[in-house]
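Asks: Just passing along the structure, written as structure tokens.
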Amino acid sequence: MWLNTLLLALREIRRNLLRSFLTILGIVIGVAAVITMVTVGNGATQAVQDQITSLGTNLLQIRPGQRLGPGRDAAGSPPFRVADADAIAMQVGGLRAVAPQTSTGAVAVYGARNWSTVVHGTTNAYFETNNWTLADGRMFEPAEERAGASVCVIGATVRRELFGAADPIGSRLRLRQISCEVVGLLASKGQAAFGADQDDVVVMPIATVHRRLSGNVNVGTILVSMEDGADADRVKADLTRLLRERRKLAETDENNFNVLDTAQLAQTLSSTTAVMTTLLGAVAAVSLLVGGIGIMNIMLVSVTERTREIGIRLAIGALGHEVLLQFLIEAVVLAALGGVIGIVLATAASIAITQLMNVPYLFDPAINAASFAFAALIGVVFGYFPARRAARLDPIEALRHE
């Protein structure tokens, strides 16, 4: 009986293909919108996590000032010194690497080409704290770090803009008034979480930058990479205690520095994007209800058009629940077809949008299955009333219907 009822439903759908397609269009759009929004949102969340992870492994960033971001009050707080980074490395446990960093802008010149970039003065520990790997060349020699030698390691963007496809190792580029030898090339990282180009960088020994570019011995940021499994709260408490002592803060004084945990930042941003994805998916799901209303409307029209057919079936012995089942299955088949078409469209749209946004495409079987099941449920809910109306027709009155 089930197979026969399904074949009857498919026959009726095929009889009016255009009307059937227009009927399920709301379901198609709803399913496609929900799956696309969730898939793209999941890809964006993963991209944020990957970009923040690329900043460093278990990374803590310590900066002067009480606040982070634009307008932070670092100007009123004393800067760090290289000795502060050395003290952290020696006195705080659970750390893999500690790197002082001072940054300044400069125009890099090579031959007839020039490029405005960022120069980071730091130590070899910087490459470990920030998960940098070398595509070519080497890091700084200990003697070069101590003497403040004019050597540098450049990012992929600087290499592309100044050297093109040529090998930069051993070449000399000019930064303001100094000439430095390129001894290393960083492997590309791409865009950071907030849109900055991580590859647009020149890294030099911090003594070189202090002596020949910045003209002072200030350290703007201390980068701290924790060991795997280290207790982040304990490490941050030890860091805070040590820095308060070194900066001679009284017990009643507020910290004039801040500690940013990139793992917490990644979790916060991921939670935000997940909430936005859920909201967008919920808004898109409203169109599924609109599609359900469309199915109910067309099924009511179908019952009216086929009143005489229903009367004949009832007159020759068909039971009311069999008629109800026929129309209910027809509604469910319509909704299920809309769900299948919506999944196909959503897959194509998700792949296209994620490529356009440069975020990973993550196929989520759960949201696809849930969307299809919800579409079928819409067919049951909105198809029941027309089906019940058909099952309750009086056979005599139905046979008189023209």
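Order determines the names: the first chain of the structure tokens is A, the second B, and so forth; residues in each chain are numbered 1 upward, and ligands are numbered 1 upward as they are shown.
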Each residue of range 157-200 of chain A with at least one atom at most 10 Å from range 206-219 of chain A should appear once, together with its nearest atom pair and the corresponding distance in Å (one decimal); atoms considered: only C-alpha atoms; ordering: chain, then increasing residue number; output as a tab-separated table.
Replies:
```
residue	atom	partner	partner_atom	distance
A:Leu175	CA	A:Leu213	CA	8.4
A:Arg176	CA	A:Leu213	CA	7.7
A:Gln177	CA	A:Arg212	CA	8.2
A:Ile178	CA	A:Arg212	CA	7.4
A:Cys180	CA	A:Thr208	CA	10.0
```
Asks: Env of Val203 in chain A: 7 Å cut, atoms = only C-alpha atoms, seq-sep filter 4 positions within chain, self excluded. Answer as a VMD selection string.
Replies: chain A and resid 119 to 121 152 to 154
Asks: As a VMD selection string, list the residues of range 155-350 of chain A assigned to strand (DSSP E or B) by DSSP on the backbone atoms of this structure.
Replies: chain A and resid 172 to 175 178 to 186 191 197 201 to 205 219 221 to 226 257 to 261
Asks: Under the rule that only C-alpha atoms are counted, which of A:Ala112, A:Pro168, A:Gly184, A:Asn258 is the nearest residue to Leu60 in chain A?
Replies: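 Going through A:Ala112, A:Pro168, A:Gly184, A:Asn258 one by one, the smallest distance to Leu60 in chain A is for A:Asn258.
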Asks: Using only C-alpha atoms, determine which residues lie at most 9 Å from Asp228 in chain A, disregarding the query and same-chain residues fewer than 3 positions distant; provide the list as a list in words.
Replies: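 Final neighbour list, sorted by chain and number: Thr57, Asn58, Gly94, Leu95, Arg96 and Asp231 of chain A.
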Asks: Mind dumping the selected residues with C-alpha atoms as a compact mmCIF listing (two decimals), in the first residue's frame?
Replies:
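Printed below is out_5.txt as written:
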```
# COMPACT_ATOMS: atom_id res chain seq x y z
CA THR A 57 51.42 28.67 20.01
CA ASN A 58 49.92 29.22 23.49
CA GLY A 94 56.11 26.74 32.14
CA LEU A 95 57.43 28.89 29.30
CA ARG A 96 58.83 27.71 25.98
CA ASP A 231 48.36 26.28 33.34
```
Asks: For CA of Ile27 in chain A and CA of Gly339 in chain A, quote the distance in Å rounded to one decimal.
Replies: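 It comes out at 6.4 Å.
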Asks: Do a neighbour search on range 341-352 of chain A at 9 Å with only C-alpha atoms, toss out local chain neighbours closer than 3 positions, and write the hits as an MDAnalysis selection string.
Replies: chainID A and resid 25 27:37 39:40 336:338 355:357 360:361 363 368 371:372
